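Undergrad: Okay, so here is protein-v3.cif, and as you'll see once you scroll down, it has mmCIF, C-alpha atoms.
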```cif
data_protein
loop_
_atom_site.group_PDB
_atom_site.id
_atom_site.type_symbol
_atom_site.label_atom_id
_atom_site.label_comp_id
_atom_site.auth_asym_id
_atom_site.auth_seq_id
_atom_site.Cartn_x
_atom_site.Cartn_y
_atom_site.Cartn_z
ATOM 1 C CA MET A 256 17.287 0.850 32.752
ATOM 2 C CA ARG A 257 13.624 0.277 31.935
ATOM 3 C CA LEU A 258 12.776 -1.131 28.513
ATOM 4 C CA ILE A 259 9.493 -0.285 26.850
ATOM 5 C CA LEU A 260 8.690 -2.079 23.583
ATOM 6 C CA CYS A 261 5.744 -0.782 21.629
ATOM 7 C CA GLU A 262 4.326 -2.288 18.440
ATOM 8 C CA ARG A 263 2.987 0.354 16.062
ATOM 9 C CA GLN A 264 1.665 -0.514 12.615
ATOM 10 C CA ASP A 265 1.902 3.084 11.355
ATOM 11 C CA LEU A 266 5.718 3.163 11.441
ATOM 12 C CA ALA A 267 7.618 2.580 8.206
ATOM 13 C CA GLU A 268 10.754 1.532 10.083
ATOM 14 C CA PRO A 269 11.580 0.811 13.727
ATOM 15 C CA GLU A 270 12.106 3.906 15.828
ATOM 16 C CA VAL A 271 14.000 4.166 19.093
ATOM 17 C CA THR A 272 13.445 6.923 21.616
ATOM 18 C CA VAL A 273 15.764 7.094 24.600
ATOM 19 C CA ALA A 274 14.393 9.180 27.447
ATOM 20 C CA TYR A 275 16.845 10.184 30.177
ATOM 21 C CA ARG A 276 17.245 12.688 32.942
ATOM 22 C CA GLU A 277 20.998 13.007 32.411
ATOM 23 C CA MET A 278 23.418 11.604 29.865
ATOM 24 C CA THR A 279 25.185 8.661 31.474
ATOM 25 C CA THR A 280 27.593 6.051 30.141
ATOM 26 C CA SER A 281 24.789 3.552 29.674
ATOM 27 C CA VAL A 282 22.601 6.038 27.811
ATOM 28 C CA GLN A 283 25.523 7.019 25.589
ATOM 29 C CA ARG A 284 26.269 3.386 24.815
ATOM 30 C CA VAL A 285 22.662 2.619 24.000
ATOM 31 C CA SER A 286 22.487 5.628 21.693
ATOM 32 C CA ASP A 287 25.792 4.701 20.006
ATOM 33 C CA TYR A 288 24.580 1.158 19.549
ATOM 34 C CA VAL A 289 21.250 2.227 18.052
ATOM 35 C CA ARG A 290 22.906 4.767 15.773
ATOM 36 C CA TYR A 291 25.177 2.187 14.178
ATOM 37 C CA VAL A 292 23.234 -1.050 14.665
ATOM 38 C CA ASP A 293 22.062 -1.234 11.050
ATOM 39 C CA GLN A 294 25.156 0.182 9.378
ATOM 40 C CA THR A 295 27.253 -2.172 7.345
ATOM 41 C CA ILE A 296 30.491 -2.107 5.436
ATOM 42 C CA LEU A 297 30.962 -3.874 2.153
ATOM 43 C CA CYS A 298 33.104 -6.992 2.461
ATOM 44 C CA LYS A 299 33.928 -10.075 0.440
ATOM 45 C CA LYS A 300 33.702 -13.722 1.324
ATOM 46 C CA ASP A 301 34.445 -16.476 -1.200
ATOM 47 C CA ASN A 302 34.440 -13.830 -3.988
ATOM 48 C CA GLU A 303 30.908 -12.777 -3.089
ATOM 49 C CA GLU A 304 30.164 -9.305 -1.822
ATOM 50 C CA CYS A 305 28.248 -8.979 1.417
ATOM 51 C CA GLY A 306 27.487 -6.328 3.990
ATOM 52 C CA VAL A 307 28.898 -6.867 7.470
ATOM 53 C CA LEU A 308 27.238 -5.115 10.378
ATOM 54 C CA ILE A 309 29.643 -2.698 12.031
ATOM 55 C CA ASN A 310 28.563 -3.863 15.468
ATOM 56 C CA ASP A 311 29.524 -7.430 14.561
ATOM 57 C CA ILE A 312 33.121 -6.512 13.727
ATOM 58 C CA PHE A 313 35.718 -7.342 16.364
ATOM 59 C CA TYR A 314 38.804 -6.034 14.589
ATOM 60 C CA LEU A 315 40.318 -5.237 11.212
ATOM 61 C CA GLU A 316 43.762 -6.306 10.162
ATOM 62 C CA SER A 317 45.888 -5.294 7.220
ATOM 63 C CA VAL A 318 48.136 -8.023 5.859
ATOM 64 C CA ASP A 319 50.222 -7.300 2.746
ATOM 65 C CA LYS A 320 48.010 -4.303 1.919
ATOM 66 C CA LYS A 321 44.869 -6.453 2.095
ATOM 67 C CA VAL A 322 42.352 -5.726 4.815
ATOM 68 C CA PHE A 323 40.630 -8.543 6.669
ATOM 69 C CA VAL A 324 37.516 -8.013 8.762
ATOM 70 C CA TYR A 325 37.263 -10.275 11.812
ATOM 71 C CA CYS A 326 33.856 -10.963 13.327
ATOM 72 C CA GLU A 327 33.108 -13.372 16.179
ATOM 73 C CA LYS A 328 33.920 -16.429 14.044
ATOM 74 C CA GLU A 329 33.862 -15.278 10.413
ATOM 75 C CA VAL A 330 36.652 -13.538 8.530
ATOM 76 C CA TYR A 331 35.925 -11.352 5.505
ATOM 77 C CA GLY A 332 38.077 -9.545 2.995
ATOM 78 C CA SER A 333 37.628 -5.860 2.229
ATOM 79 C CA ASN A 334 38.525 -3.647 -0.684
ATOM 80 C CA TYR A 335 38.922 -0.662 1.597
ATOM 81 C CA ARG A 336 42.362 0.425 2.761
ATOM 82 C CA LEU A 337 42.923 0.347 6.511
ATOM 83 C CA TYR A 338 43.229 4.127 6.806
ATOM 84 C CA GLU A 339 39.883 4.537 5.013
ATOM 85 C CA LEU A 340 38.220 2.212 7.501
ATOM 86 C CA VAL A 341 39.866 4.019 10.415
ATOM 87 C CA GLU A 342 38.346 7.286 9.166
ATOM 88 C CA LEU A 343 34.976 5.630 8.618
ATOM 89 C CA LEU A 344 34.784 3.756 11.895
ATOM 90 C CA SER A 345 36.561 6.033 14.358
ATOM 91 C CA GLN A 346 33.220 7.566 15.375
ATOM 92 C CA VAL A 347 31.858 4.116 16.229
ATOM 93 C CA GLY A 348 34.496 3.132 18.745
ATOM 94 C CA PHE A 349 37.143 1.642 16.479
ATOM 95 C CA VAL A 350 40.709 2.583 17.371
ATOM 96 C CA ARG A 351 44.072 1.775 15.862
ATOM 97 C CA VAL A 352 46.030 -0.438 18.268
ATOM 98 C CA SER A 353 49.021 -1.166 16.064
ATOM 99 C CA LYS A 354 50.279 -0.283 12.609
ATOM 100 C CA SER A 355 48.132 -3.009 11.061
ATOM 101 C CA VAL A 356 45.208 -3.569 13.470
ATOM 102 C CA VAL A 357 42.093 -1.515 14.197
ATOM 103 C CA LEU A 358 40.010 -2.700 17.127
ATOM 104 C CA ASN A 359 36.376 -2.318 18.149
ATOM 105 C CA VAL A 360 36.637 -1.093 21.748
ATOM 106 C CA GLU A 361 33.121 -2.416 22.396
ATOM 107 C CA LYS A 362 34.496 -5.966 22.070
ATOM 108 C CA LEU A 363 37.458 -5.362 24.374
ATOM 109 C CA THR A 364 37.423 -7.230 27.689
ATOM 110 C CA GLY A 365 40.867 -6.289 28.947
ATOM 111 C CA ILE A 366 44.512 -5.584 28.226
ATOM 112 C CA LYS A 367 47.329 -7.764 29.428
ATOM 113 C CA THR A 368 51.028 -6.949 29.718
ATOM 114 C CA LEU A 369 53.266 -9.766 28.578
ATOM 115 C CA VAL A 370 56.664 -10.622 30.051
ATOM 116 C CA ASN A 371 58.550 -8.804 27.274
ATOM 117 C CA SER A 372 56.622 -5.533 27.865
ATOM 118 C CA LYS A 373 54.405 -6.275 24.881
ATOM 119 C CA LEU A 374 50.677 -5.756 25.211
ATOM 120 C CA GLU A 375 47.801 -7.997 24.308
ATOM 121 C CA ALA A 376 44.154 -6.995 23.975
ATOM 122 C CA LYS A 377 41.645 -9.643 24.993
ATOM 123 C CA LEU A 378 38.399 -9.709 23.043
ATOM 124 C CA SER A 379 34.988 -11.004 24.065
ATOM 125 C CA ASN A 380 35.219 -13.922 21.613
ATOM 126 C CA GLY A 381 38.349 -15.192 23.359
ATOM 127 C CA GLU A 382 40.748 -13.961 20.678
ATOM 128 C CA SER A 383 43.627 -11.643 21.469
ATOM 129 C CA VAL A 384 45.466 -9.091 19.364
ATOM 130 C CA CYS A 385 48.793 -7.366 19.883
ATOM 131 C CA VAL A 386 48.723 -3.732 20.964
ATOM 132 C CA THR A 387 51.596 -1.339 20.387
ATOM 133 C CA ARG A 388 52.288 0.855 23.384
ATOM 134 C CA LYS A 389 52.277 3.970 21.236
ATOM 135 C CA TYR A 390 48.583 3.371 20.490
ATOM 136 C CA LEU A 391 47.571 2.625 24.088
ATOM 137 C CA LYS A 392 46.421 6.202 24.512
ATOM 138 C CA ASN A 393 43.930 5.709 21.634
ATOM 139 C CA ILE A 394 42.170 3.018 23.666
ATOM 140 C CA ARG A 395 42.248 5.151 26.806
ATOM 141 C CA ASN A 396 40.865 8.205 24.961
ATOM 142 C CA GLU A 397 38.062 6.190 23.388
ATOM 143 C CA LEU A 398 37.128 4.657 26.741
ATOM 144 C CA LEU A 399 37.186 8.076 28.388
ATOM 145 C CA ARG A 400 35.004 9.455 25.593
ATOM 146 C CA ARG A 401 32.499 6.667 26.147
ATOM 147 C CA ASN A 402 32.565 7.074 29.913
ATOM 148 C CA LYS A 403 32.225 10.840 29.718
ATOM 149 C CA GLY A 404 28.434 10.766 29.814
ATOM 150 C CA MET B 103 56.269 15.900 24.000
ATOM 151 C CA LYS B 104 55.665 16.447 27.708
ATOM 152 C CA ASN B 105 56.615 12.821 28.342
ATOM 153 C CA VAL B 106 59.803 13.120 26.291
ATOM 154 C CA ILE B 107 60.932 16.175 28.304
ATOM 155 C CA LEU B 108 60.031 14.389 31.543
ATOM 156 C CA ASN B 109 62.003 11.316 30.454
ATOM 157 C CA ILE B 110 65.038 13.436 29.486
ATOM 158 C CA MET B 111 65.036 15.136 32.897
ATOM 159 C CA ALA B 112 64.508 11.881 34.816
ATOM 160 C CA THR B 113 67.238 10.041 32.917
ATOM 161 C CA THR B 114 69.617 12.981 33.362
ATOM 162 C CA GLY B 115 69.012 12.756 37.111
ATOM 163 C CA ILE B 116 69.604 8.992 37.165
ATOM 164 C CA SER B 117 72.733 9.396 34.996
ATOM 165 C CA LEU B 118 74.192 12.035 37.330
ATOM 166 C CA VAL B 119 73.540 9.874 40.391
ATOM 167 C CA ALA B 120 75.217 6.906 38.641
ATOM 168 C CA LEU B 121 78.098 9.144 37.563
ATOM 169 C CA SER B 122 78.543 10.405 41.134
ATOM 170 C CA LEU B 123 78.651 6.824 42.433
ATOM 171 C CA VAL B 124 81.265 5.813 39.861
ATOM 172 C CA ALA B 125 83.262 9.005 40.489
ATOM 173 C CA THR B 126 83.266 8.225 44.218
ATOM 174 C CA LEU B 127 84.711 4.775 43.454
ATOM 175 C CA TYR B 128 87.501 6.501 41.487
ATOM 176 C CA ASP B 129 88.166 8.923 44.414
ATOM 177 C CA GLY B 130 86.463 11.797 42.645
ATOM 178 C CA SER B 131 85.051 14.616 44.750
ATOM 179 C CA LEU B 132 83.179 16.882 42.344
ATOM 180 C CA ILE B 133 81.253 16.950 39.075
ATOM 181 C CA CYS B 134 81.823 19.863 36.690
ATOM 182 C CA ILE B 135 78.871 22.027 35.649
ATOM 183 C CA ASP B 136 79.918 21.302 32.026
ATOM 184 C CA THR B 137 79.345 17.590 32.654
ATOM 185 C CA ILE B 138 75.783 18.187 33.856
ATOM 186 C CA PHE B 139 74.909 20.028 30.649
ATOM 187 C CA GLN B 140 76.745 17.435 28.547
ATOM 188 C CA VAL B 141 74.717 14.647 30.179
ATOM 189 C CA LEU B 142 71.510 16.635 29.635
ATOM 190 C CA GLY B 143 72.397 17.214 25.960
ATOM 191 C CA LEU B 144 73.283 13.554 25.459
ATOM 192 C CA ASN B 145 70.002 12.413 27.022
ATOM 193 C CA ALA B 146 68.061 14.841 24.830
ATOM 194 C CA VAL B 147 69.698 13.381 21.694
ATOM 195 C CA ILE B 148 69.094 9.819 22.958
ATOM 196 C CA PHE B 149 65.389 10.449 23.592
ATOM 197 C CA ILE B 150 64.833 12.229 20.287
ATOM 198 C CA GLY B 151 66.290 9.162 18.552
ATOM 199 C CA LEU B 152 64.220 6.789 20.716
ATOM 200 C CA TYR B 153 61.096 8.805 19.892
ATOM 201 C CA PHE B 154 61.627 8.139 16.192
ATOM 202 C CA MET B 155 62.521 4.489 16.855
ATOM 203 C CA GLU B 156 59.052 4.087 18.398
ATOM 204 C CA PHE B 157 57.551 4.449 14.920
ATOM 205 C CA ILE B 158 59.089 1.121 13.902
ATOM 206 C CA GLU B 159 57.155 -1.966 14.966
ATOM 207 C CA TYR B 160 59.513 -4.735 15.954
ATOM 208 C CA ARG B 161 58.541 -8.362 15.646
ATOM 209 C CA TYR B 162 60.703 -9.410 18.581
ATOM 210 C CA ALA B 163 61.028 -7.510 21.850
ATOM 211 C CA ILE B 164 64.654 -8.618 22.214
ATOM 212 C CA LEU B 165 65.512 -7.054 18.848
ATOM 213 C CA GLU B 166 63.906 -3.774 19.912
ATOM 214 C CA THR B 167 65.739 -3.764 23.252
ATOM 215 C CA GLY B 168 69.035 -4.743 21.611
ATOM 216 C CA LEU B 169 68.818 -2.026 18.951
ATOM 217 C CA LYS B 170 67.944 0.635 21.501
ATOM 218 C CA LEU B 171 70.799 -0.394 23.777
ATOM 219 C CA ILE B 172 73.320 -0.421 20.925
ATOM 220 C CA TYR B 173 72.110 3.001 19.770
ATOM 221 C CA ILE B 174 72.466 4.446 23.288
ATOM 222 C CA ILE B 175 75.913 2.902 23.869
ATOM 223 C CA LEU B 176 77.124 4.273 20.517
ATOM 224 C CA LEU B 177 75.905 7.758 21.390
ATOM 225 C CA VAL B 178 77.550 7.587 24.828
ATOM 226 C CA LEU B 179 80.855 6.462 23.298
ATOM 227 C CA ILE B 180 80.740 9.204 20.640
ATOM 228 C CA SER B 181 79.913 11.806 23.319
ATOM 229 C CA GLY B 182 82.800 10.538 25.443
ATOM 230 C CA PHE B 183 85.121 10.992 22.500
ATOM 231 C CA LEU B 184 83.790 14.481 21.667
ATOM 232 C CA TRP B 185 83.855 15.810 25.231
ATOM 233 C CA GLY B 186 87.025 14.051 26.368
ATOM 234 C CA TRP B 187 85.440 11.878 29.059
ATOM 235 C CA TYR B 188 88.009 9.111 28.553
ATOM 236 C CA SER B 189 90.733 11.168 30.233
ATOM 237 C CA ASN B 190 88.937 10.610 33.541
ATOM 238 C CA LEU B 191 87.308 7.183 33.138
ATOM 239 C CA PRO B 192 87.882 4.242 30.768
ATOM 240 C CA GLY B 193 85.283 3.665 28.021
ATOM 241 C CA VAL B 194 84.228 0.310 29.440
ATOM 242 C CA VAL B 195 83.024 2.025 32.636
ATOM 243 C CA PHE B 196 80.757 4.249 30.537
ATOM 244 C CA VAL B 197 79.398 1.198 28.730
ATOM 245 C CA LEU B 198 78.666 -0.571 32.032
ATOM 246 C CA MET B 199 77.077 2.590 33.425
ATOM 247 C CA THR B 200 74.910 2.886 30.318
ATOM 248 C CA ILE B 201 73.733 -0.713 30.650
ATOM 249 C CA ALA B 202 72.941 -0.213 34.364
ATOM 250 C CA ILE B 203 70.985 2.996 33.678
ATOM 251 C CA PHE B 204 69.186 1.300 30.778
ATOM 252 C CA ILE B 205 68.098 -1.566 33.065
ATOM 253 C CA VAL B 206 66.868 0.863 35.759
ATOM 254 C CA CYS B 207 64.950 2.928 33.178
ATOM 255 C CA THR B 208 63.444 -0.210 31.580
ATOM 256 C CA CYS B 209 62.205 -1.367 35.004
ATOM 257 C CA LEU B 210 60.698 2.063 35.749
ATOM 258 C CA ASP B 211 59.109 2.047 32.293
ATOM 259 C CA ALA B 212 57.613 -1.401 32.907
ATOM 260 C CA ILE B 213 56.122 -0.207 36.213
ATOM 261 C CA SER B 214 54.578 2.792 34.475
ATOM 262 C CA LEU B 215 53.221 0.566 31.681
ATOM 263 C CA ILE B 216 51.622 -1.818 34.184
ATOM 264 C CA SER B 217 49.893 1.061 35.956
ATOM 265 C CA GLU B 218 48.731 2.510 32.615
ATOM 266 C CA VAL B 219 47.258 -0.859 31.607
ATOM 267 C CA LYS B 220 45.632 -1.245 35.002
ATOM 268 C CA SER B 221 43.875 2.110 34.670
ATOM 269 C CA ILE B 222 42.642 1.147 31.188
ATOM 270 C CA ASN B 223 41.359 -2.178 32.510
ATOM 271 C CA ILE B 224 39.463 -0.304 35.203
ATOM 272 C CA LEU B 225 37.907 1.822 32.480
ATOM 273 C CA ILE B 226 36.943 -1.303 30.562
ATOM 274 C CA GLY B 227 35.567 -2.802 33.718
ATOM 275 C CA GLY B 228 37.925 -5.692 33.344
ATOM 276 C CA GLU B 229 39.937 -5.317 36.518
ATOM 277 C CA GLU B 230 40.371 -9.077 36.692
ATOM 278 C CA GLU B 231 42.351 -9.065 33.455
ATOM 279 C CA SER B 232 45.038 -6.849 34.939
ATOM 280 C CA LYS B 233 45.701 -9.207 37.870
#
```
What do you get writing this file as structure tokens?
TA:
Amino acid sequence: MRLILCERQDLAEPEVTVAYREMTTSVQRVSDYVRYVDQTILCKKDNEECGVLINDIFYLESVDKKVFVYCEKEVYGSNYRLYELVELLSQVGFVRVSKSVVLNVEKLTGIKTLVNSKLEAKLSNGESVCVTRKYLKNIRNELLRRNKG
Amino acid sequence: MKNVILNIMATTGISLVALSLVATLYDGSLICIDTIFQVLGLNAVIFIGLYFMEFIEYRYAILETGLKLIYIILLVLISGFLWGWYSNLPGVVFVLMTIAIFIVCTCLDAISLISEVKSINILIGGEEESK
């Protein structure tokens, strides 16, 4: 894929144009990335509110009705309920992988079966999260959706 | 739903093969048509229950397996009582048969899970993870 960067003083904000002959996986991923690159969700860290970029989120976990947002190294709290975040982020490649965990498929590097038939999702930051078999089809559907182009 | 029906049919087939083997050991020569439908009905009830048990997330795999096995054995024993199976075979044989079928089905399920995970890893592009 050829990259053309062009500096233009007349633009109020950066603009991205993706030119393609046919919609491929790569084009779809670039467009998804651009669409959500600046979007944030409101989180809390040390009682201070801050916006976390959606693309930086690896996974979300609900523990005792509190939602935690896991980035590469940082962990934030969120006032949202998990189901609200699932609704909000499902268009951006986040899928529920167990009752309490929602995963960013973009950060997924592989799935491993454990000896006891349990499943483990490996993330690009080296972390792993448990996947319930029932939700395996969510991951597959999201990957198929992304590969459709 | 398609998978549940497929599982019911497959397990009914495995159960009938196991039943035929056990019947042969007890010098049996035929299986009644009633029995086939009883086994099908029992498997349908078992899988409907297992479908709802899937909604519970278990902390330990052994607990999940144990609960499922106990549930299935209980249903088999109740069915045996209702349909008079104990006049032909002792209850313990049914329990042993249930455990054997459960092990076979768990192995088949594990094979299917591994292949499902492998196909997902191919989609991710992480084939190495599945090795």
Undergrad: Starting from the shown file, work through the PyMOL selection byres ((chain B) within 12 of (chain A)) and note down what comes out as an NGL selection string.
TA: :B and (153-167 or 208-233)
Undergrad: If we count only C-alpha atoms and set the cut-off at 12 Å, which residues sit around Leu127 in chain B, ignoring sequence neighbours fewer than 6 positions away in its own chain? Please answer as a PDB file with C-alpha atoms, in the coordinates of the input.
TA:
```pdb
ATOM      1  CA  ALA B 120      75.217   6.906  38.641  1.00  0.00           C
ATOM      2  CA  LEU B 121      78.098   9.144  37.563  1.00  0.00           C
ATOM      3  CA  LEU B 191      87.308   7.183  33.138  1.00  0.00           C
ATOM      4  CA  VAL B 195      83.024   2.025  32.636  1.00  0.00           C
TER       5      VAL B 195
END
```
Undergrad: Check the smallest atom-to-atom distance from each of B:Leu184, B:Leu198, B:Ile174, B:Leu123 to Phe149 in chain B using all atoms listed in the file, then report the winner.
TA: B:Ile174
Undergrad: Given all atoms listed in the file as the basis, pick out the residue of A:Val350, A:Val322, A:Asn302, A:Asp265 nearest to Asn334 in chain A.
TA: A:Val322
Undergrad: Grab the CA of Glu327 in chain A to CA of Glu270 in chain A distance for me, in Å with one decimal place.
TA: 27.2 Å
Undergrad: Pick out the residues sitting within 9 Å of Gln294 in chain A, and hand them over as a list in words; count only C-alpha atoms, and ignore anything fewer than 5 positions along from it in its own chain.
TA: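 Near neighbours after the sequence-gap exclusion: Gly306, Val307, Leu308, Ile309 and Asn310 of chain A.
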Undergrad: Take CA of Phe196 in chain B and CA of Ile180 in chain B and report the distance between them in Å, one decimal.
TA: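 Taking CA of Phe196 in chain B and CA of Ile180 in chain B, their separation equals 11.1 Å.
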Undergrad: Kindly list the centre and edge lengths in Å, rounded to one decimal, for the axis-aligned box that covers all listed atoms of range 166-181 of chain B plus 3 Å on each of its six sides, as JSON.
TA:
```
{"center_x": 72.4, "center_y": 3.5, "center_z": 21.9, "size_x": 22.9, "size_y": 22.5, "size_z": 11.9}
```
Undergrad: Can you spell out as number ranges by chain the set of residues that the PyMOL selection byres ((chain A and resi 282) around 12) selects in the structure I just provided?
TA: A: 256-257, 272-281, 283-289, 401-404
Undergrad: Report, in Å to a single decimal, how far apart CA of Val356 in chain A and CA of Leu343 in chain A are.
TA: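 Value for the CA of Leu343 in chain A-CA of Val356 in chain A distance: 14.6 Å.
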Undergrad: Hey, what comes out of the PyMOL selection byres ((chain A and resi 296) around 12) on this file? Could you write it as JSON, numbers by chain?
TA: {"A": [291, 292, 293, 294, 295, 297, 298, 299, 304, 305, 306, 307, 308, 309, 310, 311, 312, 315, 324, 331, 332, 333, 334, 335, 339, 340, 343, 344]}
Undergrad: Calculated over all atoms listed in the file, which of the candidates B:Val197, B:Val106, B:Thr113, B:Asn190 has the smallest distance to Asp129 in chain B?
TA: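 The closest residue to Asp129 in chain B is B:Asn190.
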Undergrad: If we draw a sphere of 8 Å around (75.0, 12.5, 34.0), which residues have at least one atom in it when counting all atoms listed in the file? Please report them as a PyMOL selection string.
TA: chain B and resi 114-121+137-138+140-142
Undergrad: Find the residues near Val341 in chain A: any atom within 8 Å, counting all atoms listed in the file, skip ones fewer than 5 places away on the same chain, and give them as a ChimeraX atom specification.
TA: /A:349-351,357
Undergrad: So which one's closest to Leu108 in chain B, B:Met199, B:Ser122, B:Asn145, B:Gly168? Using all atoms listed in the file, please.
TA: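 Using all atoms listed in the file, the shortest distance to Leu108 in chain B belongs to B:Asn145.
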Undergrad: Please rebuild range 158-172 of chain B with N, CA and C atoms and return the result as an mmCIF file, in the frame of the given file.
TA:
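The new file rebuild.cif reads:
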```cif
data_model
loop_
_atom_site.group_PDB
_atom_site.id
_atom_site.type_symbol
_atom_site.label_atom_id
_atom_site.label_comp_id
_atom_site.auth_asym_id
_atom_site.auth_seq_id
_atom_site.Cartn_x
_atom_site.Cartn_y
_atom_site.Cartn_z
ATOM 1 N N ILE B 158 58.841 2.436 14.502
ATOM 2 C CA ILE B 158 59.089 1.121 13.902
ATOM 3 C C ILE B 158 58.444 0.065 14.798
ATOM 4 N N GLU B 159 57.725 -0.866 14.171
ATOM 5 C CA GLU B 159 57.155 -1.966 14.966
ATOM 6 C C GLU B 159 58.057 -3.182 14.838
ATOM 7 N N TYR B 160 58.579 -3.615 15.961
ATOM 8 C CA TYR B 160 59.513 -4.735 15.954
ATOM 9 C C TYR B 160 58.765 -6.041 16.212
ATOM 10 N N ARG B 161 59.183 -7.057 15.487
ATOM 11 C CA ARG B 161 58.541 -8.362 15.646
ATOM 12 C C ARG B 161 58.940 -8.992 16.990
ATOM 13 N N TYR B 162 60.206 -8.808 17.338
ATOM 14 C CA TYR B 162 60.703 -9.410 18.581
ATOM 15 C C TYR B 162 61.143 -8.328 19.566
ATOM 16 N N ALA B 163 60.709 -8.495 20.819
ATOM 17 C CA ALA B 163 61.028 -7.510 21.850
ATOM 18 C C ALA B 163 62.536 -7.431 22.084
ATOM 19 N N ILE B 164 63.203 -8.584 21.968
ATOM 20 C CA ILE B 164 64.654 -8.618 22.214
ATOM 21 C C ILE B 164 65.419 -7.807 21.164
ATOM 22 N N LEU B 165 64.899 -7.828 19.940
ATOM 23 C CA LEU B 165 65.512 -7.054 18.848
ATOM 24 C C LEU B 165 65.372 -5.556 19.140
ATOM 25 N N GLU B 166 64.177 -5.174 19.588
ATOM 26 C CA GLU B 166 63.906 -3.774 19.912
ATOM 27 C C GLU B 166 64.834 -3.303 21.038
ATOM 28 N N THR B 167 64.899 -4.115 22.101
ATOM 29 C CA THR B 167 65.739 -3.764 23.252
ATOM 30 C C THR B 167 67.213 -3.694 22.835
ATOM 31 N N GLY B 168 67.642 -4.683 22.061
ATOM 32 C CA GLY B 168 69.035 -4.743 21.611
ATOM 33 C C GLY B 168 69.407 -3.530 20.774
ATOM 34 N N LEU B 169 68.538 -3.177 19.817
ATOM 35 C CA LEU B 169 68.818 -2.026 18.951
ATOM 36 C C LEU B 169 68.885 -0.724 19.745
ATOM 37 N N LYS B 170 67.961 -0.588 20.681
ATOM 38 C CA LYS B 170 67.944 0.635 21.501
ATOM 39 C C LYS B 170 69.215 0.744 22.342
ATOM 40 N N LEU B 171 69.604 -0.391 22.925
ATOM 41 C CA LEU B 171 70.799 -0.394 23.777
ATOM 42 C C LEU B 171 72.055 -0.070 22.959
ATOM 43 N N ILE B 172 72.154 -0.687 21.788
ATOM 44 C CA ILE B 172 73.320 -0.421 20.925
ATOM 45 C C ILE B 172 73.365 1.057 20.528
#
```
